[in-house]
>>> print(open('target-v1.cif').read())   # mmCIF, C-alpha atoms
data_coords
loop_
_atom_site.label_atom_id
_atom_site.label_comp_id
_atom_site.auth_asym_id
_atom_site.auth_seq_id
_atom_site.Cartn_x
_atom_site.Cartn_y
_atom_site.Cartn_z
CA MET Z 1 26.59 -11.44 68.22
CA ASP Z 2 28.24 -8.48 69.86
CA SER Z 3 30.45 -9.00 72.85
CA CYS Z 4 28.58 -9.26 76.13
CA ARG Z 5 29.75 -7.51 79.27
CA LEU Z 6 28.48 -9.49 82.22
CA ASP Z 7 28.74 -6.42 84.44
CA ASP Z 8 26.47 -4.47 82.10
CA VAL Z 9 23.99 -7.35 82.16
CA LEU Z 10 24.07 -7.48 85.95
CA ALA Z 11 23.56 -3.70 86.16
CA SER Z 12 20.50 -3.95 83.91
CA PHE Z 13 18.14 -5.80 86.25
CA ASP Z 14 17.35 -6.37 89.92
CA GLU Z 15 14.91 -9.28 89.91
CA HIS Z 16 15.86 -12.47 91.71
CA TRP Z 17 15.50 -15.96 90.18
CA GLU Z 18 14.74 -14.52 86.72
CA PRO Z 19 17.55 -15.66 84.43
CA ARG Z 20 18.83 -13.64 81.48
CA LEU Z 21 19.93 -15.53 78.38
CA VAL Z 22 23.28 -13.97 77.42
CA ALA Z 23 24.69 -16.36 74.83
CA THR Z 24 24.12 -19.61 73.00
CA VAL Z 25 26.92 -22.05 72.17
CA ASN Z 26 25.70 -24.65 69.72
CA ASP Z 27 22.64 -26.13 71.45
CA HIS Z 28 23.58 -24.86 74.90
CA ASP Z 29 22.43 -21.73 76.69
CA VAL Z 30 24.48 -19.42 78.86
CA LYS Z 31 22.34 -17.63 81.42
CA VAL Z 32 22.96 -15.11 84.18
CA ALA Z 33 20.77 -14.65 87.24
CA LYS Z 34 20.63 -12.79 90.52
CA ILE Z 35 19.39 -14.91 93.36
CA GLN Z 36 18.63 -14.50 97.05
CA GLY Z 37 16.87 -16.83 99.44
CA GLU Z 38 15.85 -20.40 98.77
CA PHE Z 39 14.77 -21.89 95.45
CA ILE Z 40 12.80 -25.14 95.20
CA TRP Z 41 14.04 -28.71 95.01
CA HIS Z 42 14.11 -29.88 91.40
CA ALA Z 43 16.08 -31.88 88.84
CA HIS Z 44 16.72 -31.49 85.12
CA PRO Z 45 16.09 -34.87 83.50
CA ASN Z 46 17.71 -33.92 80.17
CA SER Z 47 20.67 -31.73 81.03
CA ASP Z 48 23.64 -31.25 83.30
CA GLU Z 49 23.72 -27.77 84.82
CA LEU Z 50 26.93 -25.82 85.28
CA PHE Z 51 26.93 -23.12 87.94
CA ILE Z 52 29.62 -20.46 88.19
CA VAL Z 53 29.43 -17.80 90.89
CA LEU Z 54 30.15 -14.27 89.68
CA ASP Z 55 29.55 -12.42 92.96
CA GLY Z 56 28.40 -13.57 96.37
CA GLU Z 57 27.98 -17.09 97.67
CA LEU Z 58 25.82 -19.92 96.36
CA THR Z 59 24.96 -23.06 98.27
CA ILE Z 60 23.78 -25.94 96.11
CA GLU Z 61 21.89 -28.25 98.40
CA LEU Z 62 22.01 -31.87 97.27
CA ARG Z 63 20.29 -34.84 98.89
CA ASP Z 64 23.67 -36.11 100.11
CA GLY Z 65 25.28 -32.82 101.16
CA ASN Z 66 25.85 -29.19 100.24
CA VAL Z 67 28.27 -27.54 97.85
CA VAL Z 68 29.26 -23.97 98.75
CA LEU Z 69 30.62 -21.79 95.96
CA GLY Z 70 32.24 -18.34 96.16
CA PRO Z 71 33.24 -16.06 93.29
CA ARG Z 72 34.90 -17.94 90.41
CA ASP Z 73 33.95 -21.30 91.85
CA MET Z 74 32.01 -23.72 89.68
CA TYR Z 75 30.08 -26.96 89.99
CA VAL Z 76 28.16 -29.21 87.62
CA VAL Z 77 24.91 -30.76 88.82
CA PRO Z 78 24.52 -33.92 86.72
CA ARG Z 79 21.29 -34.44 84.84
CA GLY Z 80 18.59 -36.01 86.96
CA VAL Z 81 20.18 -35.05 90.28
CA GLU Z 82 17.89 -33.24 92.70
CA HIS Z 83 19.24 -29.93 93.92
CA ARG Z 84 18.15 -26.70 95.53
CA PRO Z 85 20.10 -23.44 95.06
CA VAL Z 86 20.20 -21.19 98.12
CA ALA Z 87 21.88 -17.82 98.67
CA GLU Z 88 21.74 -16.00 101.99
CA ALA Z 89 22.79 -12.65 100.49
CA GLU Z 90 22.24 -11.48 96.93
CA THR Z 91 24.42 -13.54 94.61
CA ALA Z 92 25.09 -13.39 90.88
CA ILE Z 93 25.53 -16.66 89.02
CA MET Z 94 26.16 -17.88 85.50
CA MET Z 95 24.70 -21.17 84.23
CA VAL Z 96 25.38 -23.34 81.19
CA GLU Z 97 22.83 -25.98 80.20
CA LEU Z 98 21.05 -27.54 77.26
CA GLN Z 99 18.84 -25.14 75.35
CA GLY Z 100 15.29 -25.13 76.64
CA THR Z 101 16.17 -26.31 80.14
CA VAL Z 102 13.53 -24.92 82.49
CA ASN Z 103 14.68 -23.27 85.73
CA THR Z 104 12.32 -25.35 87.87
CA GLY Z 105 13.10 -28.57 85.99
CA ASP Z 106 10.73 -31.42 86.72
CA ALA Z 107 9.13 -29.59 89.66
CA GLY Z 108 7.37 -26.85 87.70
CA GLY Z 109 5.16 -24.48 89.66
CA ASP Z 110 4.98 -20.73 90.11
CA ARG Z 111 8.74 -20.20 90.31
CA THR Z 112 9.02 -21.26 86.65
CA PHE Z 113 10.45 -18.39 84.60
CA GLU Z 114 11.13 -18.13 80.90
CA PRO Z 115 14.59 -16.52 80.54
CA VAL Z 116 14.72 -12.95 79.22
CA ASP Z 117 16.59 -13.24 75.91
CA LEU Z 118 19.33 -10.59 75.78
CA THR Z 119 21.07 -12.16 72.79
CA ARG Z 120 18.76 -10.49 70.29
CA LEU Z 121 19.25 -6.94 71.53
CA MET I 1 32.60 -33.95 90.39
CA ASP I 2 33.89 -31.80 93.20
CA SER I 3 33.53 -28.07 92.98
CA CYS I 4 36.22 -26.36 90.95
CA ARG I 5 37.91 -23.15 92.04
CA LEU I 6 39.07 -21.34 88.94
CA ASP I 7 41.66 -19.44 90.98
CA ASP I 8 43.17 -22.72 92.18
CA VAL I 9 43.27 -23.97 88.60
CA LEU I 10 44.98 -20.77 87.44
CA ALA I 11 47.52 -21.01 90.26
CA SER I 12 48.39 -24.57 89.25
CA PHE I 13 50.09 -23.87 85.91
CA ASP I 14 52.05 -21.24 84.01
CA GLU I 15 52.09 -22.51 80.43
CA HIS I 16 50.52 -20.39 77.71
CA TRP I 17 48.10 -21.75 75.09
CA GLU I 18 47.76 -25.08 76.92
CA PRO I 19 44.11 -25.39 77.97
CA ARG I 20 42.97 -27.19 81.10
CA LEU I 21 39.67 -29.09 80.95
CA VAL I 22 37.83 -28.08 84.12
CA ALA I 23 34.29 -29.38 83.55
CA THR I 24 32.00 -31.10 81.11
CA VAL I 25 28.34 -30.15 80.66
CA ASN I 26 26.55 -32.79 78.62
CA ASP I 27 28.64 -32.99 75.43
CA HIS I 28 30.35 -29.64 75.94
CA ASP I 29 33.74 -28.91 77.48
CA VAL I 30 34.66 -26.03 79.77
CA LYS I 31 38.34 -25.16 79.49
CA VAL I 32 40.64 -22.61 81.09
CA ALA I 33 43.84 -21.29 79.53
CA LYS I 34 46.52 -18.71 80.08
CA ILE I 35 47.55 -16.96 76.91
CA GLN I 36 50.05 -14.33 75.82
CA GLY I 37 51.11 -13.26 72.36
CA GLU I 38 49.49 -14.27 69.09
CA PHE I 39 47.82 -17.58 68.29
CA ILE I 40 47.23 -18.78 64.73
CA TRP I 41 44.31 -18.15 62.40
CA HIS I 42 41.89 -21.06 62.50
CA ALA I 43 38.21 -22.02 62.52
CA HIS I 44 36.21 -24.77 64.22
CA PRO I 45 33.98 -26.35 61.58
CA ASN I 46 31.83 -28.24 64.09
CA SER I 47 31.45 -25.96 67.08
CA ASP I 48 30.77 -22.44 68.24
CA GLU I 49 33.37 -21.24 70.74
CA LEU I 50 32.50 -19.15 73.75
CA PHE I 51 35.27 -17.02 75.23
CA ILE I 52 35.04 -15.39 78.67
CA VAL I 53 37.94 -13.35 80.00
CA LEU I 54 38.83 -14.06 83.64
CA ASP I 55 41.84 -11.74 83.94
CA GLY I 56 43.61 -9.51 81.44
CA GLU I 57 42.56 -8.54 77.94
CA LEU I 58 41.82 -10.75 74.95
CA THR I 59 41.57 -9.53 71.38
CA ILE I 60 39.74 -11.89 69.05
CA GLU I 61 40.84 -10.97 65.56
CA LEU I 62 38.20 -11.73 62.94
CA ARG I 63 38.49 -11.24 59.20
CA ASP I 64 36.08 -8.31 59.41
CA GLY I 65 37.32 -6.65 62.60
CA ASN I 66 38.50 -7.20 66.15
CA VAL I 67 36.63 -7.90 69.37
CA VAL I 68 38.37 -6.72 72.54
CA LEU I 69 37.33 -8.35 75.81
CA GLY I 70 38.24 -7.40 79.37
CA PRO I 71 37.46 -9.30 82.58
CA ARG I 72 33.90 -10.69 82.64
CA ASP I 73 33.36 -9.91 78.97
CA MET I 74 32.31 -12.72 76.66
CA TYR I 75 31.96 -13.43 72.95
CA VAL I 76 30.88 -16.41 70.86
CA VAL I 77 32.81 -17.16 67.67
CA PRO I 78 30.31 -19.02 65.47
CA ARG I 79 31.33 -22.38 64.02
CA GLY I 80 33.29 -22.06 60.83
CA VAL I 81 34.34 -18.45 61.43
CA GLU I 82 38.07 -17.77 61.16
CA HIS I 83 39.57 -16.10 64.19
CA ARG I 84 42.88 -15.48 65.89
CA PRO I 85 43.14 -14.90 69.66
CA VAL I 86 45.78 -12.37 70.70
CA ALA I 87 46.77 -11.08 74.16
CA GLU I 88 49.45 -8.46 74.64
CA ALA I 89 49.89 -9.24 78.35
CA GLU I 90 49.21 -12.54 80.07
CA THR I 91 45.49 -13.19 80.09
CA ALA I 92 43.34 -15.92 81.60
CA ILE I 93 40.32 -17.11 79.62
CA MET I 94 37.54 -19.64 79.92
CA MET I 95 36.10 -21.40 76.86
CA VAL I 96 32.97 -23.48 76.26
CA GLU I 97 32.79 -25.62 73.14
CA LEU I 98 31.70 -29.01 71.82
CA GLN I 99 33.64 -31.92 73.33
CA GLY I 100 36.68 -32.81 71.28
CA THR I 101 37.08 -29.37 69.70
CA VAL I 102 40.80 -28.91 68.91
CA ASN I 103 42.47 -25.65 69.90
CA THR I 104 43.94 -25.12 66.42
CA GLY I 105 40.72 -26.15 64.67
CA ASP I 106 41.09 -26.77 60.94
CA ALA I 107 44.60 -25.29 60.87
CA GLY I 108 46.39 -27.99 62.86
CA GLY I 109 50.15 -27.65 63.22
CA ASP I 110 52.56 -27.51 66.12
CA ARG I 111 50.40 -25.27 68.30
CA THR I 112 47.89 -28.12 68.60
CA PHE I 113 47.53 -29.12 72.25
CA GLU I 114 45.43 -31.83 73.86
CA PRO I 115 43.82 -30.25 76.96
CA VAL I 116 45.05 -31.38 80.36
CA ASP I 117 42.04 -33.07 81.96
CA LEU I 118 41.59 -31.75 85.50
CA THR I 119 38.10 -33.22 85.89
CA ARG I 120 39.43 -36.63 86.90
CA LEU I 121 41.66 -35.44 89.72
#
>>> encode(input="target-v1.cif", output="structure tokens")
Amino acid sequence: MDSCRLDDVLASFDEHWEPRLVATVNDHDVKVAKIQGEFIWHAHPNSDELFIVLDGELTIELRDGNVVLGPRDMYVVPRGVEHRPVAEAETAIMMVELQGTVNTGDAGGDRTFEPVDLTRL
Amino acid sequence: MDSCRLDDVLASFDEHWEPRLVATVNDHDVKVAKIQGEFIWHAHPNSDELFIVLDGELTIELRDGNVVLGPRDMYVVPRGVEHRPVAEAETAIMMVELQGTVNTGDAGGDRTFEPVDLTRL
């Protein structure tokens, strides 16, 4: 793999809620996404999900409270825990999770998006 | 786990080459370290190793060339591949690797350091 410049990745697309796969580490994926607005409630039965904010502000709504993350803040949603990511303004995030983890988790539906694989470019 | 502010973590220590464990994602560790100078040549037989630069500049020396990373640049050293991290000036990095991966890999020696676990604070 060549080195990956996250700022080049972020400059390469505008779509919200459409993750880019930027690296794999063993059986785990590293993804980058731009988000704005509200996602759907869902859980990932088979994987924890690490969120790191690159730019902006991410609120991770949980059934028992919210976690608010600014740039260089991180949080791990444990496997099986329902959550809903929300960003008032456009926000760039990085995620680390088990390979094959689907963005909409157990909820499915029309917000499901297969990550764009940038690791093979 | 509470949210983790990488800037708070970085403000909490000065030591070089002494990683802090800041999160676990399934069976993978997320570590943060400050580095300066040259590390030793080593490889990790059982894990890929993702490097992301937070601040500064990291050179990953490989047997067939160097990879130079600035802030928000990332690179994955595949398992088994010899490498030597070098930073001329103080640099802050984040790493993702299989739980239990030792900083000196197969080389061992007196630079071996058990990460300080900040996830239980």
>>> closest_residue(input="target-v1.cif", among="I:Leu54, I:Gln99, I:Val22, I:Lys34", to="Arg5 (chain I)", atoms="all atoms listed in the file")
I:Val22
>>> residues_near_point(input="target-v1.cif", point="(34.9, -33.4, 61.1)", cutoff="10 Å", atoms="only C-alpha atoms", output="number ranges by chain")
I: 44-46, 101, 105-106
>>> interface_residues(input="target-v1.cif", of="chain Z", to="chain I", cutoff="6 Å", atoms="all atoms listed in the file", output="list of chain:residue names")
Z:Ser3, Z:Cys4, Z:Arg5, Z:Leu6, Z:Val25, Z:Asn26, Z:Asp48, Z:Arg72, Z:Asp73, Z:Met74, Z:Tyr75
>>> atom_distance(input="target-v1.cif", atom1="CA of Glu61 (chain I)", atom2="CA of Ala33 (chain I)")
17.6 Å
>>> residues_around(input="target-v1.cif", residues="Glu88 (chain I)", least_positions_apart="3", cutoff="10 Å", atoms="all atoms listed in the file", output="VMD selection string")
chain I and resid 35 to 38 56 to 59 91
>>> resolve_selection(input="target-v1.cif", expression="the PyMOL selection byres ((chain Z and resi 17) around 12)", output="MDAnalysis selection string")
chainID Z and resid 13:16 18:20 31:40 85:87 90:94 102:104 110:116
>>> atom_distance(input="target-v1.cif", atom1="CA of Gly100 (chain Z)", atom2="CA of Asp117 (chain Z)")
12.0 Å
>>> atom_distance(input="target-v1.cif", atom1="CA of Glu82 (chain I)", atom2="CA of Gly109 (chain I)")
15.7 Å
>>> closest_residue(input="target-v1.cif", among="I:Leu62, I:Ala11, I:Arg84, I:Leu118", to="His42 (chain I)", atoms="all atoms listed in the file")
I:Arg84
